[in-house]
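Asker: Coordinates in my_file.cif, mmCIF, C-alpha atoms and all ligand atoms, are listed below.
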```
data_upload
loop_
_atom_site.group_PDB
_atom_site.id
_atom_site.type_symbol
_atom_site.label_atom_id
_atom_site.label_comp_id
_atom_site.auth_asym_id
_atom_site.auth_seq_id
_atom_site.Cartn_x
_atom_site.Cartn_y
_atom_site.Cartn_z
ATOM 1 C CA MET A 1 -1.033 11.549 -11.697
ATOM 2 C CA PRO A 2 -3.474 10.961 -8.805
ATOM 3 C CA PRO A 3 -1.866 10.892 -5.351
ATOM 4 C CA ARG A 4 -0.492 7.547 -4.152
ATOM 5 C CA SER A 5 -2.565 5.961 -1.402
ATOM 6 C CA ILE A 6 -0.374 5.305 1.623
ATOM 7 C CA ILE A 7 -0.510 3.890 5.140
ATOM 8 C CA ILE A 8 2.263 5.141 7.428
ATOM 9 C CA ASP A 9 3.154 2.587 10.103
ATOM 10 C CA CYS A 10 5.307 4.297 12.720
ATOM 11 C CA ASP A 11 6.657 4.522 16.279
ATOM 12 C CA PRO A 12 7.098 8.270 16.884
ATOM 13 C CA GLY A 13 9.979 9.082 17.641
ATOM 14 C CA GLN A 14 11.114 12.582 16.625
ATOM 15 C CA ASP A 15 12.176 11.424 13.165
ATOM 16 C CA ASP A 16 8.910 9.512 12.598
ATOM 17 C CA ALA A 17 7.132 12.731 13.561
ATOM 18 C CA VAL A 18 9.003 14.705 10.893
ATOM 19 C CA ALA A 19 8.135 11.967 8.384
ATOM 20 C CA LEU A 20 4.459 12.465 9.261
ATOM 21 C CA PHE A 21 4.770 16.228 8.729
ATOM 22 C CA LEU A 22 6.470 15.700 5.363
ATOM 23 C CA ALA A 23 3.709 13.343 4.214
ATOM 24 C CA ILE A 24 0.906 15.566 5.494
ATOM 25 C CA SER A 25 2.411 18.538 3.649
ATOM 26 C CA SER A 26 2.241 16.713 0.301
ATOM 27 C CA PRO A 27 -1.438 16.007 -0.507
ATOM 28 C CA ASP A 28 -0.932 16.334 -4.270
ATOM 29 C CA GLU A 29 1.374 13.321 -4.244
ATOM 30 C CA LEU A 30 0.278 11.336 -1.166
ATOM 31 C CA HIS A 31 -3.162 10.405 0.072
ATOM 32 C CA ILE A 32 -2.878 9.208 3.682
ATOM 33 C CA LEU A 33 -5.409 6.413 4.262
ATOM 34 C CA GLY A 34 -4.406 6.156 7.901
ATOM 35 C CA ILE A 35 -1.536 6.184 10.373
ATOM 36 C CA THR A 36 -0.868 2.980 12.267
ATOM 37 C CA THR A 37 1.367 2.827 15.298
ATOM 38 C CA VAL A 38 3.537 0.135 16.815
ATOM 39 C CA ALA A 39 5.703 -0.285 19.905
ATOM 40 C CA GLY A 40 9.322 0.593 19.172
ATOM 41 C CA ASN A 41 11.150 3.741 20.195
ATOM 42 C CA VAL A 42 8.786 3.919 23.157
ATOM 43 C CA PRO A 43 5.849 1.712 24.242
ATOM 44 C CA LEU A 44 2.624 1.704 22.217
ATOM 45 C CA ASP A 45 0.606 4.063 24.437
ATOM 46 C CA ALA A 46 3.206 6.759 23.776
ATOM 47 C CA THR A 47 3.644 6.103 20.031
ATOM 48 C CA GLU A 48 -0.103 6.302 19.346
ATOM 49 C CA ARG A 49 -0.420 9.481 21.415
ATOM 50 C CA ASN A 50 2.572 11.021 19.656
ATOM 51 C CA ALA A 51 1.163 10.260 16.199
ATOM 52 C CA ARG A 52 -2.119 11.900 17.202
ATOM 53 C CA MET A 53 -0.230 14.907 18.574
ATOM 54 C CA MET A 54 1.479 15.386 15.214
ATOM 55 C CA CYS A 55 -1.914 15.374 13.473
ATOM 56 C CA ASP A 56 -3.069 18.075 15.910
ATOM 57 C CA ILE A 57 0.062 20.173 15.343
ATOM 58 C CA ALA A 58 -0.426 19.859 11.568
ATOM 59 C CA LYS A 59 -4.131 20.764 12.001
ATOM 60 C CA ARG A 60 -5.228 17.448 10.511
ATOM 61 C CA ASP A 61 -7.269 15.891 13.299
ATOM 62 C CA ASP A 62 -9.361 14.238 10.568
ATOM 63 C CA ILE A 63 -6.593 11.667 9.883
ATOM 64 C CA SER A 64 -7.370 8.223 11.331
ATOM 65 C CA VAL A 65 -4.773 6.936 13.787
ATOM 66 C CA PHE A 66 -4.719 3.332 14.991
ATOM 67 C CA ALA A 67 -2.792 1.495 17.716
ATOM 68 C CA GLY A 68 -1.284 -1.838 16.763
ATOM 69 C CA CYS A 69 1.046 -4.432 18.271
ATOM 70 C CA ASP A 70 2.506 -3.645 21.666
ATOM 71 C CA LYS A 71 5.409 -6.073 21.360
ATOM 72 C CA PRO A 72 7.453 -7.878 18.695
ATOM 73 C CA MET A 73 6.300 -11.207 17.233
ATOM 74 C CA GLN A 74 8.690 -13.424 19.169
ATOM 75 C CA ARG A 75 10.946 -11.278 21.311
ATOM 76 C CA ASP A 76 10.566 -8.899 24.224
ATOM 77 C CA LEU A 77 10.222 -5.250 23.318
ATOM 78 C CA VAL A 78 13.428 -3.199 23.145
ATOM 79 C CA THR A 79 12.897 0.578 23.334
ATOM 80 C CA ALA A 80 15.120 3.611 22.796
ATOM 81 C CA GLU A 81 14.253 6.244 25.408
ATOM 82 C CA TYR A 82 17.950 6.983 25.741
ATOM 83 C CA ILE A 83 17.786 8.511 22.248
ATOM 84 C CA HIS A 84 14.234 9.840 22.001
ATOM 85 C CA GLY A 85 13.566 10.735 25.652
ATOM 86 C CA ASN A 86 10.874 9.231 27.878
ATOM 87 C CA THR A 87 8.034 10.642 25.770
ATOM 88 C CA GLY A 88 9.587 9.561 22.446
ATOM 89 C CA ILE A 89 9.293 13.159 21.269
ATOM 90 C CA ASP A 90 11.270 15.012 23.911
ATOM 91 C CA GLY A 91 12.010 18.539 22.743
ATOM 92 C CA ILE A 92 8.350 19.582 22.676
ATOM 93 C CA ASP A 93 5.739 19.552 25.424
ATOM 94 C CA VAL A 94 3.387 16.594 25.456
ATOM 95 C CA PHE A 95 -0.342 17.382 25.420
ATOM 96 C CA ASP A 96 -3.582 15.436 25.189
ATOM 97 C CA PRO A 97 -4.396 15.451 21.450
ATOM 98 C CA LYS A 98 -7.814 16.149 19.924
ATOM 99 C CA THR A 99 -7.192 13.672 17.117
ATOM 100 C CA PRO A 100 -9.059 10.582 18.317
ATOM 101 C CA LEU A 101 -7.614 7.099 18.577
ATOM 102 C CA GLN A 102 -9.651 4.800 16.317
ATOM 103 C CA GLN A 103 -11.190 1.745 17.942
ATOM 104 C CA ASP A 104 -9.917 -0.815 15.432
ATOM 105 C CA HIS A 105 -6.589 -2.538 15.937
ATOM 106 C CA ALA A 106 -3.985 -1.299 13.424
ATOM 107 C CA VAL A 107 -3.549 -4.802 11.981
ATOM 108 C CA ASP A 108 -7.289 -5.063 11.278
ATOM 109 C CA PHE A 109 -7.242 -1.610 9.689
ATOM 110 C CA ILE A 110 -4.327 -2.599 7.426
ATOM 111 C CA ILE A 111 -6.039 -5.830 6.364
ATOM 112 C CA ASP A 112 -9.500 -4.304 5.810
ATOM 113 C CA THR A 113 -8.145 -1.271 3.981
ATOM 114 C CA LEU A 114 -5.944 -3.268 1.621
ATOM 115 C CA LEU A 115 -8.680 -5.767 0.788
ATOM 116 C CA ALA A 116 -11.115 -2.947 0.061
ATOM 117 C CA ARG A 117 -8.791 -1.196 -2.405
ATOM 118 C CA ASP A 118 -7.912 -2.149 -5.981
ATOM 119 C CA LYS A 119 -5.032 -4.570 -6.489
ATOM 120 C CA GLY A 120 -1.553 -3.041 -6.453
ATOM 121 C CA THR A 121 -2.693 0.393 -5.310
ATOM 122 C CA VAL A 122 -1.630 0.889 -1.676
ATOM 123 C CA THR A 123 1.886 1.773 -0.547
ATOM 124 C CA LEU A 124 2.896 0.851 2.998
ATOM 125 C CA ILE A 125 5.482 3.020 4.732
ATOM 126 C CA PRO A 126 6.853 1.404 7.887
ATOM 127 C CA THR A 127 9.215 3.606 9.900
ATOM 128 C CA GLY A 128 9.342 1.445 13.012
ATOM 129 C CA PRO A 129 9.663 -2.262 13.788
ATOM 130 C CA LEU A 130 7.779 -4.304 11.173
ATOM 131 C CA THR A 131 5.484 -6.090 13.637
ATOM 132 C CA ASN A 132 2.144 -4.675 12.421
ATOM 133 C CA ILE A 133 2.903 -5.279 8.749
ATOM 134 C CA ALA A 134 4.192 -8.835 9.240
ATOM 135 C CA THR A 135 1.272 -9.722 11.512
ATOM 136 C CA ALA A 136 -1.167 -8.480 8.866
ATOM 137 C CA ILE A 137 0.609 -10.555 6.178
ATOM 138 C CA GLU A 138 0.569 -13.665 8.365
ATOM 139 C CA ARG A 139 -3.071 -13.237 9.238
ATOM 140 C CA ASN A 140 -4.254 -12.638 5.682
ATOM 141 C CA PRO A 141 -1.710 -13.106 2.866
ATOM 142 C CA ASP A 142 -4.399 -12.038 0.350
ATOM 143 C CA ILE A 143 -3.597 -8.455 1.275
ATOM 144 C CA LEU A 144 -0.291 -8.687 -0.566
ATOM 145 C CA GLU A 145 -1.750 -8.393 -4.049
ATOM 146 C CA HIS A 146 -3.263 -5.058 -3.050
ATOM 147 C CA VAL A 147 0.164 -3.664 -2.100
ATOM 148 C CA GLU A 148 1.882 -1.437 -4.656
ATOM 149 C CA GLU A 149 5.153 -1.108 -2.758
ATOM 150 C CA ILE A 150 6.536 -1.217 0.788
ATOM 151 C CA VAL A 151 8.957 1.640 1.493
ATOM 152 C CA ILE A 152 10.779 0.914 4.740
ATOM 153 C CA MET A 153 13.244 2.689 6.996
ATOM 154 C CA GLY A 154 15.492 -0.044 8.289
ATOM 155 C CA GLY A 155 18.713 -1.992 7.969
ATOM 156 C CA ALA A 156 22.314 -1.130 7.167
ATOM 157 C CA MET A 157 25.174 -2.379 5.024
ATOM 158 C CA ARG A 158 28.256 -0.113 5.026
ATOM 159 C CA GLU A 159 27.202 1.658 8.238
ATOM 160 C CA GLY A 160 27.041 -1.455 10.404
ATOM 161 C CA GLY A 161 24.515 -1.066 13.196
ATOM 162 C CA ASN A 162 23.247 1.667 15.468
ATOM 163 C CA ARG A 163 21.845 -0.453 18.296
ATOM 164 C CA THR A 164 24.321 -3.326 18.121
ATOM 165 C CA PRO A 165 27.531 -3.466 16.082
ATOM 166 C CA SER A 166 25.668 -5.172 13.253
ATOM 167 C CA ALA A 167 21.974 -4.276 13.548
ATOM 168 C CA GLU A 168 19.871 -1.222 12.909
ATOM 169 C CA PHE A 169 17.211 -0.544 15.568
ATOM 170 C CA ASN A 170 13.957 -1.187 13.629
ATOM 171 C CA ILE A 171 15.163 -4.537 12.320
ATOM 172 C CA LEU A 172 16.754 -5.547 15.620
ATOM 173 C CA VAL A 173 13.532 -4.948 17.574
ATOM 174 C CA ASP A 174 11.567 -7.404 15.433
ATOM 175 C CA PRO A 175 13.856 -9.404 13.122
ATOM 176 C CA HIS A 176 11.234 -12.127 12.633
ATOM 177 C CA ALA A 177 8.763 -9.565 11.338
ATOM 178 C CA ALA A 178 11.407 -8.113 9.025
ATOM 179 C CA ASP A 179 12.128 -11.599 7.672
ATOM 180 C CA ILE A 180 8.450 -12.073 6.800
ATOM 181 C CA VAL A 181 8.152 -8.670 5.134
ATOM 182 C CA PHE A 182 11.405 -8.942 3.159
ATOM 183 C CA ASN A 183 10.241 -12.249 1.719
ATOM 184 C CA CYS A 184 6.648 -11.244 0.984
ATOM 185 C CA GLY A 185 7.179 -11.045 -2.772
ATOM 186 C CA ARG A 186 5.988 -7.452 -3.235
ATOM 187 C CA PRO A 187 8.264 -4.570 -4.342
ATOM 188 C CA ILE A 188 10.238 -3.300 -1.366
ATOM 189 C CA THR A 189 12.461 -0.237 -1.109
ATOM 190 C CA LEU A 190 14.713 -0.187 1.931
ATOM 191 C CA LEU A 191 16.231 3.049 3.213
ATOM 192 C CA GLY A 192 18.786 2.087 5.833
ATOM 193 C CA LEU A 193 21.568 3.771 7.752
ATOM 194 C CA ASP A 194 23.732 3.925 4.610
ATOM 195 C CA VAL A 195 21.520 6.767 3.377
ATOM 196 C CA THR A 196 20.011 8.112 6.598
ATOM 197 C CA HIS A 197 23.476 8.761 8.030
ATOM 198 C CA GLN A 198 24.030 11.109 5.086
ATOM 199 C CA VAL A 199 21.054 13.381 5.844
ATOM 200 C CA LEU A 200 22.414 15.183 8.881
ATOM 201 C CA SER A 201 20.407 17.960 10.487
ATOM 202 C CA THR A 202 23.248 20.479 10.700
ATOM 203 C CA LYS A 203 22.724 23.785 12.498
ATOM 204 C CA GLU A 204 22.390 25.626 9.212
ATOM 205 C CA ARG A 205 19.680 23.246 7.962
ATOM 206 C CA VAL A 206 17.740 23.387 11.241
ATOM 207 C CA ASP A 207 18.028 27.200 11.299
ATOM 208 C CA ARG A 208 16.435 27.361 7.838
ATOM 209 C CA ILE A 209 13.492 25.347 9.141
ATOM 210 C CA GLY A 210 13.305 27.546 12.259
ATOM 211 C CA ALA A 211 13.062 30.655 10.076
ATOM 212 C CA LEU A 212 9.813 29.368 8.530
ATOM 213 C CA ASN A 213 8.002 30.530 11.620
ATOM 214 C CA ASN A 214 4.994 28.215 11.722
ATOM 215 C CA SER A 215 3.903 25.764 14.403
ATOM 216 C CA VAL A 216 4.949 22.625 12.496
ATOM 217 C CA ALA A 217 8.397 24.058 11.758
ATOM 218 C CA ASP A 218 8.737 25.135 15.392
ATOM 219 C CA ALA A 219 7.791 21.642 16.608
ATOM 220 C CA THR A 220 10.294 20.141 14.161
ATOM 221 C CA VAL A 221 13.084 22.380 15.442
ATOM 222 C CA GLY A 222 12.163 21.619 19.059
ATOM 223 C CA MET A 223 12.273 17.872 18.480
ATOM 224 C CA LEU A 224 15.460 17.979 16.409
ATOM 225 C CA SER A 225 17.207 20.045 19.055
ATOM 226 C CA PHE A 226 16.657 17.216 21.538
ATOM 227 C CA PHE A 227 17.325 14.397 19.068
ATOM 228 C CA HIS A 228 20.561 16.138 18.147
ATOM 229 C CA ARG A 229 22.131 15.667 21.574
ATOM 230 C CA TYR A 230 22.607 11.953 21.527
ATOM 231 C CA ASP A 231 23.571 11.365 17.942
ATOM 232 C CA THR A 232 26.057 14.201 17.566
ATOM 233 C CA ASN A 233 27.953 12.846 20.550
ATOM 234 C CA LYS A 234 27.719 9.319 19.240
ATOM 235 C CA TYR A 235 28.827 9.986 15.675
ATOM 236 C CA SER A 236 30.971 13.100 16.331
ATOM 237 C CA SER A 237 29.044 14.648 13.465
ATOM 238 C CA GLN A 238 27.523 18.032 12.826
ATOM 239 C CA GLY A 239 23.919 16.889 13.148
ATOM 240 C CA THR A 240 21.661 13.941 13.754
ATOM 241 C CA PRO A 241 20.585 11.595 10.943
ATOM 242 C CA LEU A 242 16.969 12.217 9.977
ATOM 243 C CA HIS A 243 16.149 8.565 9.330
ATOM 244 C CA ASP A 244 12.411 8.148 8.827
ATOM 245 C CA PRO A 245 11.617 11.148 6.566
ATOM 246 C CA CYS A 246 13.829 9.472 3.941
ATOM 247 C CA THR A 247 10.898 7.152 3.182
ATOM 248 C CA ILE A 248 8.564 10.027 2.326
ATOM 249 C CA ALA A 249 11.298 11.933 0.490
ATOM 250 C CA TYR A 250 11.891 8.815 -1.616
ATOM 251 C CA LEU A 251 8.222 8.734 -2.618
ATOM 252 C CA LEU A 252 8.178 12.444 -3.403
ATOM 253 C CA ARG A 253 11.572 12.690 -5.129
ATOM 254 C CA PRO A 254 13.011 9.258 -5.937
ATOM 255 C CA GLU A 255 15.698 10.930 -8.042
ATOM 256 C CA LEU A 256 17.345 12.145 -4.814
ATOM 257 C CA PHE A 257 18.344 8.532 -4.066
ATOM 258 C CA LYS A 258 20.555 5.961 -5.743
ATOM 259 C CA THR A 259 19.222 2.435 -5.388
ATOM 260 C CA ARG A 260 20.116 -1.046 -6.547
ATOM 261 C CA LYS A 261 18.060 -4.263 -6.614
ATOM 262 C CA CYS A 262 19.683 -6.704 -4.196
ATOM 263 C CA ASN A 263 18.921 -9.708 -2.090
ATOM 264 C CA VAL A 264 18.538 -8.667 1.533
ATOM 265 C CA SER A 265 18.221 -11.336 4.228
ATOM 266 C CA VAL A 266 17.776 -10.847 7.966
ATOM 267 C CA GLU A 267 19.616 -12.678 10.732
ATOM 268 C CA THR A 268 16.975 -14.083 13.080
ATOM 269 C CA GLU A 269 18.989 -16.497 15.233
ATOM 270 C CA SER A 270 22.520 -15.450 16.130
ATOM 271 C CA GLU A 271 22.806 -13.715 19.489
ATOM 272 C CA LEU A 272 25.790 -11.805 18.204
ATOM 273 C CA THR A 273 24.362 -10.473 14.947
ATOM 274 C CA LEU A 274 20.597 -10.653 15.500
ATOM 275 C CA GLY A 275 18.768 -8.234 13.193
ATOM 276 C CA HIS A 276 21.691 -7.850 10.802
ATOM 277 C CA THR A 277 20.644 -7.144 7.216
ATOM 278 C CA ALA A 278 22.880 -9.100 4.829
ATOM 279 C CA VAL A 279 22.751 -6.927 1.700
ATOM 280 C CA ASP A 280 24.032 -8.833 -1.319
ATOM 281 C CA PHE A 281 25.169 -5.686 -3.108
ATOM 282 C CA TRP A 282 27.357 -7.570 -5.620
ATOM 283 C CA HIS A 283 24.863 -10.403 -6.161
ATOM 284 C CA VAL A 284 27.339 -12.997 -4.972
ATOM 285 C CA THR A 285 24.689 -15.397 -3.682
ATOM 286 C CA GLY A 286 22.532 -15.446 -6.807
ATOM 287 C CA LYS A 287 19.491 -15.243 -4.511
ATOM 288 C CA PRO A 288 16.408 -13.335 -5.734
ATOM 289 C CA ARG A 289 16.745 -9.555 -5.695
ATOM 290 C CA ASN A 290 13.903 -8.983 -3.226
ATOM 291 C CA VAL A 291 14.766 -5.422 -2.211
ATOM 292 C CA ASN A 292 15.509 -2.116 -3.874
ATOM 293 C CA TRP A 293 18.387 -1.032 -1.623
ATOM 294 C CA ALA A 294 19.150 2.698 -1.234
ATOM 295 C CA TYR A 295 22.865 3.455 -0.977
ATOM 296 C CA ASP A 296 23.268 7.154 -1.713
ATOM 297 C CA VAL A 297 21.241 10.350 -1.296
ATOM 298 C CA ASP A 298 21.478 13.999 -2.257
ATOM 299 C CA ALA A 299 21.376 15.412 1.296
ATOM 300 C CA ASP A 300 21.064 19.064 0.263
ATOM 301 C CA GLY A 301 18.192 18.121 -2.046
ATOM 302 C CA PHE A 302 16.546 16.260 0.835
ATOM 303 C CA TYR A 303 16.711 19.304 3.143
ATOM 304 C CA ASP A 304 15.542 21.631 0.352
ATOM 305 C CA LEU A 305 12.502 19.395 -0.097
ATOM 306 C CA LEU A 306 11.801 19.186 3.645
ATOM 307 C CA THR A 307 12.137 22.947 4.118
ATOM 308 C CA GLU A 308 9.973 23.735 1.106
ATOM 309 C CA ARG A 309 7.240 21.375 2.320
ATOM 310 C CA LEU A 310 7.296 22.532 5.964
ATOM 311 C CA GLU A 311 6.848 26.101 4.725
ATOM 312 C CA ARG A 312 3.379 25.087 3.526
ATOM 313 C CA PHE A 313 1.976 24.818 7.048
HETATM 314 C C1 LIG B 1 15.270 4.052 13.393
HETATM 315 O O1 LIG B 1 15.163 3.717 14.776
HETATM 316 C C2 LIG B 1 14.432 4.694 15.471
HETATM 317 O O2 LIG B 1 15.142 5.097 16.596
HETATM 318 C C3 LIG B 1 14.159 5.827 14.509
HETATM 319 O O3 LIG B 1 12.859 6.348 14.708
HETATM 320 C C4 LIG B 1 14.300 5.194 13.153
HETATM 321 O O4 LIG B 1 13.081 4.659 12.709
HETATM 322 C C5 LIG B 1 16.718 4.365 13.076
HETATM 323 O O5 LIG B 1 17.520 3.277 13.352
HETATM 324 CA CA CA B 2 10.986 5.175 13.722
#
```
Write out the structure in this file as structure tokens.
Answerer:
Amino acid sequence: MPPRSIIIDCDPGQDDAVALFLAISSPDELHILGITTVAGNVPLDATERNARMMCDIAKRDDISVFAGCDKPMQRDLVTAEYIHGNTGIDGIDVFDPKTPLQQDHAVDFIIDTLLARDKGTVTLIPTGPLTNIATAIERNPDILEHVEEIVIMGGAMREGGNRTPSAEFNILVDPHAADIVFNCGRPITLLGLDVTHQVLSTKERVDRIGALNNSVADATVGMLSFFHRYDTNKYSSQGTPLHDPCTIAYLLRPELFKTRKCNVSVETESELTLGHTAVDFWHVTGKPRNVNWAYDVDADGFYDLLTERLERF
């Protein structure tokens, strides 16, 4: 099988950064057409710099990185420095990357790239708020027939919310964008907190990565050591959930995940539950099953995959 053509749309973020490393380490399966960045965990100038830093660390300064929307479609930007640190990637030292920032806006890159490729051949992987993807769909809906699948980190059912009692961060930041994407009519797989809260970076798992002794593994350990602080306190758990790499792991090893086709709708109005993902797991509404919802993951298999791939650097 030829590698799947992908665009990673992200807001690094330590866990976005590890997702980038996992994708970059897997050229036989994934061909990265470009990395697009969006405001989310931290403002846009930091997310685009962080994405370019990860390309430098992975020695792939040939990958094209684009900056996209600097705020959500209708709301003010909400960020998460209290989790990720002021840089978004606290835990490693920030430097000025060699990987250049491309001139085009990320939304233009997404539109032009999709239209130039064969129908049904490009997979989009958003690991931040869905602003860039929804803006591209609104601006040119013709892009949709070129999409093979959209594999998203976002949402929650059993796990409630991580930024409000009922909303996961990526969906909360831009619920209107999520609503557009969820109803776009293309195949969507959604990896939310129900699975990401199962892939905890315990000390033993992080130590295995540390023992690999290469610069990407060292950067991963540095970032996870910082990321660890907040979430282990919050969840009283043995490690932090490694949210965003679940998207790449799903593409590489879908058998690690259990999924079910469900209707998923987003709350876009209520002040109390804004950004809530209503997952119709039992199909009680009879509404179209627009999303392939992930509800279980083999966490050891996930960390085996991540460790094996990071060893390649
Ligand atoms: C999501 O929010 C961000 O903080 C992480 O990078 C991840 O994409 C988890 O809710
Ligand atoms: Ca993210």
Asker: Please enumerate the residues selected by the PyMOL selection byres (((chain A and resi 119) around 6) and not hetatm) when evaluated against the supplied file, formatted as a PyMOL selection string.
Answerer: chain A and resi 118+120-121+145-146
Asker: Which residues would end up in the selection if the PyMOL selection byres (((chain A and resi 263) around 12) and not hetatm) were applied here, given that I need the answer as a ChimeraX atom specification?
Answerer: /A:157,182-183,185,188-190,260-262,264-266,277-293
Asker: Residues within 8 Å of ligand CA 2 (chain B), counting only C-alpha atoms and all ligand atoms: report them as an MDAnalysis selection string.
Answerer: chainID A and resid 10:16 40:41 127:129 153 170 243:244
Asker: May I have the residues within 10 Å of Ser26 in chain A as a list in words, using only C-alpha atoms and disregarding those fewer than 3 positions away in the same chain?
Answerer: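 Those residues are Pro3, Phe21, Leu22, Ala23, Glu29, Leu30, His31, Ile32, Ile248, Leu252, Arg309, Leu310 and Arg312 of chain A.
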Asker: Select, from A:Arg205, A:His84, A:Arg117, A:Arg139, the residue with the minimum atom-to-atom distance to ligand LIG 1 (chain B), counting only C-alpha atoms and all ligand atoms.
Answerer: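 Distance minimum relative to ligand LIG 1 (chain B) lands on A:His84.
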Asker: For ligand LIG 1 (chain B), which residue out of A:Ala51, A:Val206, A:Val151, A:Val42 is the nearest one, using all atoms listed in the file?
Answerer: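 Distance minimum relative to ligand LIG 1 (chain B) lands on A:Val42.
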Asker: Do you know which residues the PyMOL selection byres (((chain A and resi 55) around 12) and not hetatm) returns on this file, as a PyMOL selection string?
Answerer: chain A and resi 12+17-25+32+34-35+48-54+56-65+96-101+215-216+219
Asker: For the point (5.6, 17.2, 26.6) in the file's frame, write as JSON, numbers by chain all residues with an atom no more than 12 Å away, counting only C-alpha atoms.
Answerer: {"A": [46, 49, 50, 53, 85, 86, 87, 88, 89, 90, 91, 92, 93, 94, 95, 96, 97, 219, 222, 223]}
Asker: Taking all listed atoms of ligand LIG 1 (chain B), build the axis-aligned box, pad each of the six sides by 6 Å, then write its centre and edge lengths in Å to one decimal as JSON.
Answerer:
```
{"center_x": 15.2, "center_y": 4.8, "center_z": 14.7, "size_x": 16.7, "size_y": 15.1, "size_z": 15.9}
```
